[in-house]
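**Student:** Structure file final35.txt (compact mmCIF, C-alpha atoms) right here:
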# COMPACT_ATOMS: atom_id res chain seq x y z
CA MET Z 797 -34.97 16.43 8.85
CA THR Z 798 -32.43 13.78 7.91
CA ILE Z 799 -30.71 13.65 4.52
CA ASP Z 800 -32.12 11.63 1.64
CA SER Z 801 -28.99 9.94 0.28
CA ARG Z 802 -30.43 9.81 -3.26
CA SER Z 803 -31.64 13.41 -3.43
CA GLU Z 804 -29.73 16.32 -4.93
CA GLN Z 805 -28.75 17.33 -1.42
CA GLY Z 806 -27.57 13.77 -0.75
CA ARG Z 807 -25.44 13.81 -3.90
CA ALA Z 808 -23.81 17.05 -2.74
CA VAL Z 809 -23.03 15.57 0.67
CA ARG Z 810 -21.70 12.46 -1.09
CA GLN Z 811 -18.85 14.57 -2.49
CA LEU Z 812 -17.47 15.37 0.97
CA ILE Z 813 -14.28 13.75 2.22
CA PRO Z 814 -14.21 11.17 3.80
CA LEU Z 815 -17.90 10.43 3.04
CA ALA Z 816 -17.01 9.94 -0.63
CA THR Z 817 -14.85 6.95 0.35
CA LEU Z 818 -17.67 4.98 2.02
CA PRO Z 819 -19.52 2.18 0.21
CA PHE Z 820 -22.92 3.55 -0.73
CA SER Z 821 -24.83 1.32 1.71
CA LYS Z 822 -22.79 2.69 4.61
CA PHE Z 823 -23.18 6.25 3.36
CA GLU Z 824 -26.93 5.72 3.15
CA SER Z 825 -26.98 4.51 6.75
CA LEU Z 826 -24.96 7.53 7.93
CA CYS Z 827 -27.30 9.96 6.16
CA LYS Z 828 -30.13 8.82 8.46
CA GLN Z 829 -28.14 10.30 11.35
CA LEU Z 830 -27.23 13.61 9.66
CA LYS Z 831 -29.10 16.85 9.09
CA ILE Z 832 -28.30 20.13 7.35
CA GLU Z 833 -28.06 23.18 9.64
CA GLU Z 834 -28.25 26.87 8.77
CA ALA Z 835 -26.41 29.99 9.95
CA ASN Z 836 -26.80 33.71 9.20
CA ASP Z 837 -24.27 36.34 8.18
CA GLY Z 838 -21.73 36.90 10.98
CA ASP Z 839 -22.62 33.77 12.95
CA PHE Z 840 -19.69 31.79 14.34
CA LEU Z 841 -19.56 28.08 13.53
CA PHE Z 842 -16.50 27.71 15.75
CA ARG Z 843 -14.00 29.92 17.58
CA ILE Z 844 -10.25 29.86 18.16
CA GLY Z 845 -9.30 27.55 21.01
CA GLU Z 846 -12.47 25.45 20.97
CA SER Z 847 -11.85 21.73 21.54
CA SER Z 848 -15.10 20.32 20.15
CA LYS Z 849 -14.30 17.43 17.83
CA ASP Z 850 -17.31 18.05 15.57
CA LEU Z 851 -16.41 18.30 11.88
CA PHE Z 852 -18.02 21.14 9.90
CA PHE Z 853 -18.65 20.92 6.15
CA LEU Z 854 -19.93 23.80 4.03
CA VAL Z 855 -22.90 22.80 1.85
CA ASP Z 856 -24.18 26.18 0.53
CA GLY Z 857 -22.77 29.73 0.68
CA SER Z 858 -19.32 30.79 1.86
CA ILE Z 859 -17.44 31.07 5.12
CA ASN Z 860 -14.58 33.29 6.27
CA LEU Z 861 -11.70 31.93 8.33
CA ARG Z 862 -10.35 34.71 10.57
CA ILE Z 863 -7.67 35.36 13.17
CA ASP Z 864 -7.97 38.49 15.34
CA GLY Z 865 -10.38 40.06 12.86
CA LEU Z 866 -8.00 39.40 9.95
CA GLU Z 867 -9.52 37.35 7.14
CA ILE Z 868 -7.07 34.63 6.08
CA GLU Z 869 -9.24 32.60 3.72
CA THR Z 870 -12.72 32.45 2.21
CA ILE Z 871 -14.12 29.04 1.35
CA ASN Z 872 -16.99 28.72 -1.10
CA ALA Z 873 -19.35 25.76 -1.33
CA GLY Z 874 -18.76 23.53 -4.34
CA THR Z 875 -14.99 24.08 -4.48
CA ASP Z 876 -12.35 21.41 -3.81
CA SER Z 877 -11.49 23.09 -0.48
CA ALA Z 878 -15.12 22.77 0.66
CA ARG Z 879 -15.01 19.01 0.24
CA PHE Z 880 -12.93 18.78 3.41
CA ALA Z 881 -13.82 19.59 7.02
CA LEU Z 882 -13.37 23.29 7.79
CA ALA Z 883 -10.35 24.08 9.98
CA HIS Z 884 -10.34 20.57 11.38
CA GLN Z 885 -7.34 21.07 13.70
CA ILE Z 886 -8.21 20.69 17.41
CA PRO Z 887 -8.15 23.00 19.28
CA ARG Z 888 -9.34 25.39 16.56
CA LYS Z 889 -6.63 27.63 15.13
CA VAL Z 890 -9.07 30.08 13.48
CA ASN Z 891 -12.58 31.50 13.79
CA GLY Z 892 -15.18 30.27 11.30
CA VAL Z 893 -17.67 33.03 10.43
CA ALA Z 894 -20.63 32.76 8.06
CA ASN Z 895 -20.30 35.05 5.03
CA GLY Z 896 -24.01 35.62 4.39
CA ARG Z 897 -26.62 32.93 4.90
CA ILE Z 898 -25.08 29.46 4.75
CA ARG Z 899 -26.04 25.82 5.10
CA PHE Z 900 -23.61 23.42 6.71
CA LEU Z 901 -23.24 19.86 7.94
CA ARG Z 902 -22.01 18.98 11.43
CA LEU Z 903 -20.51 15.49 11.62
CA ASN Z 904 -19.87 14.01 15.04
CA PRO Z 905 -16.76 11.75 15.03
CA ASP Z 906 -18.65 9.12 17.04
CA MET Z 907 -21.06 8.66 14.13
CA MET Z 908 -18.18 8.34 11.69
CA ASN Z 909 -16.33 5.92 13.96
CA SER Z 910 -19.37 3.68 14.24
CA VAL Z 911 -19.59 3.51 10.45
CA GLU Z 912 -15.85 2.87 10.12
CA GLU Z 913 -16.05 0.04 12.65
CA ALA Z 914 -18.96 -1.46 10.75
CA ILE Z 915 -16.99 -1.50 7.48
CA LYS Z 916 -13.64 -2.43 8.96
CA PRO Z 917 -13.86 -6.14 8.06
CA GLU Z 918 -14.59 -5.13 4.47
CA SER Z 919 -11.79 -2.57 4.42
CA ASN Z 920 -9.23 -5.23 5.36
CA ASN Z 921 -10.27 -7.17 2.30
CA ILE Z 922 -9.12 -5.59 -0.94
CA MET Z 923 -12.01 -7.22 -2.79
CA ILE Z 924 -14.52 -4.51 -1.85
CA ASP Z 925 -17.38 -4.08 -4.27
CA ASP Z 926 -17.15 -0.64 -5.78
CA GLU Z 927 -20.45 0.90 -4.78
CA LEU Z 928 -19.53 4.54 -5.33
CA GLU Z 929 -21.95 6.24 -7.70
CA ASP Z 930 -20.79 7.15 -11.17
CA ASN Z 931 -19.49 10.69 -11.25
CA ASP Z 932 -17.48 12.62 -13.82
CA ASP Z 933 -15.57 14.52 -11.13
CA TRP Z 934 -11.92 13.38 -11.21
CA MET Z 935 -11.55 13.44 -7.43
CA THR Z 936 -14.51 11.15 -6.82
CA THR Z 937 -13.24 8.81 -9.54
CA LEU Z 938 -9.77 8.81 -8.01
CA LEU Z 939 -11.22 7.80 -4.66
CA LYS Z 940 -12.48 4.58 -6.24
CA SER Z 941 -8.85 3.40 -6.46
CA PRO Z 942 -8.15 0.58 -3.97
CA VAL Z 943 -5.05 2.43 -2.73
CA PHE Z 944 -6.97 5.62 -1.92
CA ARG Z 945 -9.86 3.64 -0.45
CA MET Z 946 -7.42 2.08 2.04
CA LEU Z 947 -6.06 5.39 3.35
CA PRO Z 948 -7.20 6.68 6.76
CA PRO Z 949 -9.39 9.80 6.37
CA ALA Z 950 -6.70 12.05 7.86
CA ASN Z 951 -4.09 10.79 5.36
CA LEU Z 952 -6.53 11.12 2.48
CA GLN Z 953 -7.27 14.72 3.36
CA LYS Z 954 -3.56 15.59 3.58
CA VAL Z 955 -2.86 13.90 0.26
CA LEU Z 956 -5.63 15.65 -1.66
CA ILE Z 957 -4.74 19.03 -0.17
CA SER Z 958 -1.03 18.51 -0.98
CA LEU Z 959 -1.45 17.46 -4.61
CA GLN Z 960 0.07 19.99 -7.02
CA GLU Z 961 -1.30 20.36 -10.54
CA ILE Z 962 1.23 20.73 -13.36
CA SER Z 963 0.97 20.58 -17.15
CA PHE Z 964 3.16 19.23 -19.95
CA ASN Z 965 2.94 19.67 -23.71
CA ALA Z 966 2.97 16.82 -26.20
CA GLY Z 967 6.50 15.39 -26.49
CA ASP Z 968 7.70 16.69 -23.12
CA VAL Z 969 9.63 14.15 -21.03
CA ILE Z 970 8.09 14.03 -17.56
CA ILE Z 971 10.54 11.63 -15.92
CA HIS Z 972 13.83 10.25 -17.28
CA GLN Z 973 15.09 6.71 -16.85
CA GLY Z 974 18.02 6.81 -14.42
CA ASP Z 975 16.92 9.94 -12.54
CA GLU Z 976 16.36 9.93 -8.79
CA GLY Z 977 12.72 9.57 -7.74
CA ASP Z 978 11.18 12.77 -6.41
CA TYR Z 979 7.40 12.73 -7.10
CA TYR Z 980 4.41 10.40 -7.37
CA TYR Z 981 2.18 11.31 -10.34
CA ILE Z 982 -1.52 10.95 -11.15
CA ILE Z 983 -2.74 11.69 -14.67
CA LYS Z 984 -5.69 14.06 -14.33
CA LYS Z 985 -6.21 14.27 -18.09
CA GLY Z 986 -4.22 13.15 -21.09
CA LEU Z 987 -2.03 10.33 -22.40
CA CYS Z 988 1.58 9.39 -21.61
CA THR Z 989 3.91 6.79 -23.12
CA ILE Z 990 6.22 4.48 -21.16
CA SER Z 991 9.59 3.60 -22.67
CA ARG Z 992 12.85 2.02 -21.50
CA LYS Z 993 16.42 1.43 -22.68
CA PRO Z 994 17.67 -2.05 -21.74
CA ALA Z 995 21.23 -0.69 -21.90
CA ALA Z 996 22.84 2.72 -22.27
CA ASN Z 997 23.56 2.29 -26.00
CA SER Z 998 20.35 0.38 -26.78
CA LYS Z 999 17.41 1.69 -28.72
CA GLU Z 1000 14.53 2.92 -26.58
CA ILE Z 1001 11.65 0.45 -26.43
CA LYS Z 1002 8.04 1.55 -26.00
CA LEU Z 1003 6.41 -0.48 -23.23
CA GLY Z 1004 2.89 0.93 -23.09
CA GLN Z 1005 0.64 3.91 -22.56
CA LEU Z 1006 -1.01 5.56 -19.55
CA SER Z 1007 -4.28 7.48 -19.53
CA ASP Z 1008 -6.64 9.39 -17.22
CA LEU Z 1009 -6.21 8.57 -13.51
CA ASP Z 1010 -3.33 6.15 -14.10
CA THR Z 1011 -0.42 6.69 -11.73
CA PHE Z 1012 3.34 6.46 -12.13
CA GLY Z 1013 6.59 7.27 -10.33
CA GLU Z 1014 6.00 5.10 -7.25
CA ASP Z 1015 8.56 2.42 -8.18
CA ALA Z 1016 11.60 4.64 -7.51
CA LEU Z 1017 10.05 6.21 -4.40
CA ILE Z 1018 9.37 2.85 -2.74
CA SER Z 1019 12.52 1.00 -3.82
CA GLY Z 1020 14.94 3.92 -3.43
CA GLN Z 1021 16.39 2.99 -6.84
CA PRO Z 1022 16.69 5.33 -9.87
CA ARG Z 1023 13.76 5.68 -12.27
CA ASN Z 1024 13.51 2.49 -14.34
CA VAL Z 1025 11.50 3.95 -17.24
CA THR Z 1026 10.99 7.19 -19.13
CA ILE Z 1027 7.51 8.77 -19.20
CA THR Z 1028 6.69 11.16 -22.06
CA ALA Z 1029 3.57 13.25 -22.68
CA PHE Z 1030 1.79 11.85 -25.74
CA ASN Z 1031 -0.50 14.90 -25.96
CA ASN Z 1032 -1.11 17.90 -23.72
CA VAL Z 1033 -1.24 16.41 -20.23
CA SER Z 1034 -2.52 17.67 -16.87
CA LEU Z 1035 -0.91 15.90 -13.91
CA LEU Z 1036 -1.21 15.89 -10.13
CA ARG Z 1037 1.97 15.20 -8.20
CA LEU Z 1038 2.87 14.44 -4.59
CA GLY Z 1039 6.34 14.81 -3.06
CA LYS Z 1040 8.41 11.77 -2.09
CA GLU Z 1041 8.24 12.17 1.70
CA GLN Z 1042 4.50 12.77 1.63
CA PHE Z 1043 3.97 9.74 -0.59
CA LEU Z 1044 6.01 7.47 1.69
CA SER Z 1045 4.36 8.60 4.93
CA LEU Z 1046 0.79 9.20 3.75
CA ILE Z 1047 0.31 6.53 1.06
CA LYS Z 1048 2.98 3.80 1.17
CA GLN Z 1049 3.00 3.28 4.93
CA PRO Z 1050 -0.73 2.58 5.41
CA THR Z 1051 -1.07 0.71 2.11
CA LEU Z 1052 1.57 -2.00 2.40
CA LYS Z 1053 1.06 -5.02 4.65
CA TYR Z 1054 3.93 -7.18 5.89
CA ILE Z 1055 4.20 -10.83 6.89
CA SER Z 1056 6.86 -12.98 8.56
CA TYR Z 1057 8.16 -16.25 7.10
CA PRO Z 1058 6.38 -18.53 9.61
CA GLU Z 1059 3.15 -16.65 8.85
CA THR Z 1060 3.89 -17.11 5.15
CA LEU Z 1061 4.16 -20.88 5.57
CA GLU Z 1062 0.84 -20.91 7.37
CA LEU Z 1063 -0.91 -18.91 4.62
CA LEU Z 1064 0.65 -21.10 1.92
CA SER Z 1065 -0.87 -24.15 3.61
CA LYS Z 1066 -4.25 -22.43 3.23
CA GLY Z 1067 -3.87 -21.75 -0.49
CA ALA Z 1068 -2.05 -18.41 -0.69
CA GLU Z 1069 0.33 -17.76 -3.60
CA LEU Z 1070 4.01 -16.85 -3.15
CA ILE Z 1071 5.63 -14.96 -6.02
CA ASP Z 1072 9.34 -14.18 -6.28
CA VAL Z 1073 9.94 -10.99 -8.30
CA ARG Z 1074 13.70 -11.40 -8.76
CA GLU Z 1075 15.37 -12.11 -12.08
CA PRO Z 1076 15.28 -15.76 -13.26
CA ASP Z 1077 19.04 -16.30 -12.73
CA ASP Z 1078 18.78 -15.17 -9.10
CA PHE Z 1079 15.68 -17.30 -8.59
CA LYS Z 1080 17.48 -20.42 -9.83
CA LYS Z 1081 20.31 -19.95 -7.33
CA ILE Z 1082 18.04 -19.91 -4.29
CA ASN Z 1083 14.29 -19.80 -3.88
CA LEU Z 1084 11.60 -20.62 -1.36
CA PRO Z 1085 9.38 -23.71 -1.56
CA LYS Z 1086 6.14 -23.21 -3.50
CA SER Z 1087 7.34 -19.86 -4.88
CA ILE Z 1088 6.61 -18.83 -8.47
CA ASN Z 1089 9.09 -16.67 -10.36
CA ILE Z 1090 7.47 -13.59 -11.91
CA PRO Z 1091 10.25 -11.03 -12.56
CA PHE Z 1092 9.26 -7.51 -11.56
CA PHE Z 1093 9.32 -6.10 -15.09
CA THR Z 1094 6.84 -8.73 -16.25
CA LEU Z 1095 4.51 -8.44 -13.25
CA ARG Z 1096 2.02 -6.07 -14.88
CA MET Z 1097 1.73 -8.39 -17.88
CA GLN Z 1098 1.40 -11.60 -15.85
CA MET Z 1099 -1.07 -10.28 -13.28
CA LYS Z 1100 -3.91 -11.94 -15.14
CA ASN Z 1101 -2.48 -15.33 -14.14
CA LEU Z 1102 -2.80 -14.58 -10.40
CA ASN Z 1103 -5.88 -15.31 -8.32
CA ARG Z 1104 -7.48 -12.24 -6.71
CA GLN Z 1105 -9.49 -14.48 -4.39
CA LYS Z 1106 -6.34 -15.60 -2.54
CA PRO Z 1107 -3.65 -13.65 -0.67
CA VAL Z 1108 -0.55 -13.02 -2.78
CA ILE Z 1109 2.74 -12.93 -0.86
CA VAL Z 1110 5.62 -11.16 -2.60
CA VAL Z 1111 9.29 -11.92 -1.96
CA CYS Z 1112 12.60 -10.62 -3.34
CA TRP Z 1113 16.15 -10.57 -1.96
CA ASP Z 1114 15.89 -7.70 0.56
CA GLY Z 1115 12.19 -6.72 0.58
CA LYS Z 1116 12.57 -3.51 -1.46
CA THR Z 1117 11.39 -4.72 -4.84
CA SER Z 1118 8.68 -6.71 -3.05
CA GLU Z 1119 7.27 -3.47 -1.62
CA THR Z 1120 7.03 -1.93 -5.07
CA ALA Z 1121 5.46 -5.08 -6.53
CA SER Z 1122 2.98 -5.31 -3.66
CA PHE Z 1123 1.92 -1.68 -4.18
CA ILE Z 1124 1.23 -2.42 -7.85
CA LEU Z 1125 -0.83 -5.47 -6.92
CA VAL Z 1126 -2.86 -3.52 -4.35
CA ARG Z 1127 -3.64 -0.91 -7.02
CA HIS Z 1128 -5.11 -3.75 -9.09
CA LYS Z 1129 -7.29 -5.07 -6.23
CA PHE Z 1130 -5.08 -7.92 -5.02
CA ASN Z 1131 -4.69 -8.75 -1.34
CA ALA Z 1132 -0.90 -8.45 -1.46
CA LEU Z 1133 1.56 -8.91 1.41
CA VAL Z 1134 5.32 -8.32 1.61
CA LEU Z 1135 7.61 -10.98 3.09
CA ILE Z 1136 9.58 -8.94 5.64
CA GLY Z 1137 13.26 -8.56 4.79
CA GLY Z 1138 13.08 -10.97 1.86
CA ILE Z 1139 15.20 -14.08 1.37
CA ASN Z 1140 18.25 -12.32 2.78
CA ARG Z 1141 16.66 -12.06 6.22
CA ILE Z 1142 15.75 -15.75 6.21
CA ASN Z 1143 19.36 -16.64 5.35
CA THR Z 1144 20.71 -14.31 8.03
CA SER Z 1145 18.37 -15.76 10.66
CA LEU Z 1146 19.38 -19.25 9.62
CA GLN Z 1147 23.09 -18.45 10.00
CA GLN Z 1148 22.52 -16.88 13.41
CA GLU Z 1149 20.55 -19.93 14.53
CA ARG Z 1150 23.32 -22.25 13.39
CA THR Z 1151 25.84 -20.21 15.41
CA SER Z 1152 23.61 -20.40 18.51
CA ILE Z 1153 23.19 -24.16 18.12
CA GLU Z 1154 26.96 -24.64 17.69
CA GLU Z 1155 27.57 -22.68 20.91
CA VAL Z 1156 25.06 -24.85 22.76
CA LEU Z 1157 26.65 -28.02 21.36
CA VAL Z 1158 30.02 -26.93 22.73
CA LYS Z 1159 28.44 -26.38 26.17
CA THR Z 1160 26.82 -29.84 26.02
CA ASP Z 1161 30.10 -31.60 25.11
CA GLY Z 1162 29.16 -32.21 21.49
CA ASN Z 1163 25.63 -33.42 22.12
CA ASN Z 1164 23.80 -32.95 18.83
CA ASP Z 1165 20.29 -33.72 20.06
CA VAL Z 1166 18.03 -30.82 19.11
CA GLU Z 1167 15.64 -31.37 22.03
CA GLU Z 1168 18.52 -31.32 24.53
CA CYS Z 1169 19.85 -28.15 22.86
CA GLN Z 1170 16.44 -26.57 23.34
CA GLU Z 1171 16.46 -27.69 27.00
CA THR Z 1172 19.88 -26.11 27.49
CA LEU Z 1173 18.70 -22.84 25.98
CA THR Z 1174 15.60 -22.98 28.16
CA ASP Z 1175 17.66 -23.63 31.32
CA ASN Z 1176 19.88 -20.66 30.48
CA ALA Z 1177 16.83 -18.45 30.11
CA LEU Z 1178 15.40 -19.60 33.46
CA SER Z 1179 18.74 -19.18 35.20
CA GLU Z 1180 18.61 -15.50 34.28
CA ASN Z 1181 15.36 -15.22 36.24
CA ASP Z 1182 13.54 -13.79 33.24
CA PRO Z 1183 10.54 -15.91 32.19
CA ASN Z 1184 10.09 -13.78 29.06
CA ASN Z 1185 13.37 -15.16 27.74
CA LEU Z 1186 11.89 -18.65 27.79
CA ARG Z 1187 8.95 -17.65 25.64
CA ARG Z 1188 11.17 -15.70 23.29
CA ILE Z 1189 13.68 -18.52 22.80
CA ILE Z 1190 11.00 -21.18 22.28
CA LYS Z 1191 9.33 -18.94 19.70
CA GLU Z 1192 12.67 -18.34 17.96
CA LEU Z 1193 13.42 -22.06 17.91
CA ASN Z 1194 10.03 -22.85 16.40
CA ASN Z 1195 10.51 -20.15 13.79
CA GLN Z 1196 13.98 -21.38 12.92
CA ARG Z 1197 12.76 -24.98 12.74
CA ALA Z 1198 10.22 -23.83 10.13
CA ILE Z 1199 13.01 -22.08 8.24
CA LEU Z 1200 15.24 -25.18 8.35
CA GLU Z 1201 12.40 -27.34 7.08
CA ALA Z 1202 11.77 -24.88 4.26
CA GLU Z 1203 15.45 -24.84 3.33
CA ASN Z 1204 15.50 -28.64 3.35
CA LYS Z 1205 12.56 -28.70 0.93
CA THR Z 1206 14.34 -26.21 -1.31
CA LEU Z 1207 17.53 -28.30 -1.35
CA LYS Z 1208 15.52 -31.45 -2.18
CA GLN Z 1209 13.80 -29.59 -5.00
CA GLN Z 1210 17.13 -28.37 -6.38
CA ASN Z 1211 18.58 -31.89 -6.06
CA THR Z 1212 15.65 -33.31 -8.02
CA GLU Z 1213 16.17 -30.73 -10.75
CA LEU Z 1214 19.89 -31.56 -10.94
CA LEU Z 1215 19.13 -35.27 -11.26
CA LEU Z 1216 16.67 -34.58 -14.04
CA ASN Z 1217 19.24 -32.46 -15.87
CA LEU Z 1218 21.85 -35.18 -15.38
CA ASN Z 1219 19.54 -37.84 -16.82
CA GLU Z 1220 18.79 -35.62 -19.80
CA LEU Z 1221 22.53 -35.19 -20.43
CA LYS Z 1222 23.10 -38.95 -20.16
CA THR Z 1223 20.28 -39.61 -22.62
CA GLU Z 1224 21.69 -37.08 -25.05
CA LEU Z 1225 25.22 -38.57 -24.76
CA ASN Z 1226 23.90 -42.10 -25.34
CA SER Z 1227 21.98 -40.87 -28.34
CA ARG Z 1228 25.13 -39.34 -29.84
CA GLU Z 1229 27.18 -42.49 -29.20
CA HIS Z 1230 24.70 -44.62 -31.16
CA LYS Z 1231 24.79 -42.35 -34.18
What is this structure when it is put down as structure tokens?
**Tutor:**
Amino acid sequence: MTIDSRSEQGRAVRQLIPLATLPFSKFESLCKQLKIEEANDGDFLFRIGESSKDLFFLVDGSINLRIDGLEIETINAGTDSARFALAHQIPRKVNGVANGRIRFLRLNPDMMNSVEEAIKPESNNIMIDDELEDNDDWMTTLLKSPVFRMLPPANLQKVLISLQEISFNAGDVIIHQGDEGDYYYIIKKGLCTISRKPAANSKEIKLGQLSDLDTFGEDALISGQPRNVTITAFNNVSLLRLGKEQFLSLIKQPTLKYISYPETLELLSKGAELIDVREPDDFKKINLPKSINIPFFTLRMQMKNLNRQKPVIVVCWDGKTSETASFILVRHKFNALVLIGGINRINTSLQQERTSIEEVLVKTDGNNDVEECQETLTDNALSENDPNNLRRIIKELNNQRAILEAENKTLKQQNTELLLNLNELKTELNSREHK
């Protein structure tokens, strides 16, 4: 008999990972393909060395994991450990033996893959309707987060298994401004305050408060910079933490999406937004056309002014702060992308292209015709008997042309601003002369 997704049994199965991450409609469809099986005391669900890719989940009872008759672990239904597939490594590293009469679920990867393929277009869009049922369990609630919803099932399992629970008393400082980043934190229960000193001798300023299931600590892990705020326990707090390397490989890597500058120009033409998260002074010196300056420290406050229905492209000088900003936006259900390498890479590419063009001009006796330069580069590629060079060079030229056009627009914009400032100064001087 298949599983009724809305029955008590269905609600129990709903807690399993990665089934808890599926939109309810997809979970309901999968339940029509599943059935609960039974085993008696001493029965083997799987044996060491088996290569079957079936996933086994314990629904009722308990199971012993053994190696050479030695019991290494007992897993009981209803515990956090039972929410994951039993001994999922292939080939099996342990024997799985029923400890009394048990009920279990066998999930064939092909069934899961078919569901994943069906929801893939939705998964690529951050604006997924949250169809998970209401549940007081912290783990199920955590899985509603857009970041955790985006993780591959294997990553999600490793993350949840690796989380360490720690506690702090009211007034305890959890992370200090200026310290090196070491952990990513999730508040399981309690309140924390965020504070920051603008300068070493300044008075500490309270910036806000964090509560259940809020996260912190990712800024330093992603950027590689020291902690930029201090987090203090407001009351007795229970936290879950994940080490830096695990955060970077299991969460950051699959969460962030990157985009090149030519791709950025294309998306901007279709209505995307480009935000520059550098400080205002740096933004004034050089910026990209159509970019909006939202300094990183004000991003959380100005998020309400951004459109969740459009892609948001984030840029900074070298791409590091952009990664942190993009992660924050993803957490708040934005479709955020990072401009690869930031403005620095665009400048570097532009300088390299200028050098290449100058070399070609020398070879063509000072000819400054761009089309003839491109022909010369093309002829050189063909003379090397490598047709791939031709495609590569043409693509590079097209990319650099887009960069030059963008730089030209930026210079025109800056020139317009300078003229406006000059006219304002002239008006003010004339006004003073007439007084």
**Student:** If I take CA of Glu1075 in chain Z and CA of Asp1015 in chain Z, how far is one from the other in Å, to one decimal?
**Tutor:**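 Between these atoms lies a distance of 16.5 Å.
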**Student:** Could you tell me how far CA of Asn1032 in chain Z lies from CA of Arg1127 in chain Z, in Å and to one decimal?
**Tutor:** 25.3 Å
**Student:** Could you give me, as number ranges by chain, the residues within 7 Å of range 869-875 of chain Z, counting only C-alpha atoms and dropping anything in the same chain fewer than 5 positions from it?
**Tutor:** Z: 854-861
**Student:** CA of Leu939 in chain Z and CA of Asn951 in chain Z are how many Å apart?
**Tutor:**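 One can read the CA of Leu939 in chain Z to CA of Asn951 in chain Z distance as 12.7 Å.
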**Student:** For His1128 in chain Z, list every protein, DNA or RNA residue within 12 Å, evaluated using all atoms listed in the file, and leave out those in the same chain fewer than 2 positions away; present the list as a list in words.
**Tutor:**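 The filter keeps Ile922, Met923, Ile924, Lys940, Ser941, Pro942, Val943, Phe944, Asp1010, Thr1011, Leu1095, Arg1096, Met1099, Lys1100, Leu1102, Asn1103, Arg1104, Ala1121, Ser1122, Phe1123, Ile1124, Leu1125, Val1126, Phe1130, Asn1131 and Ala1132 of chain Z.
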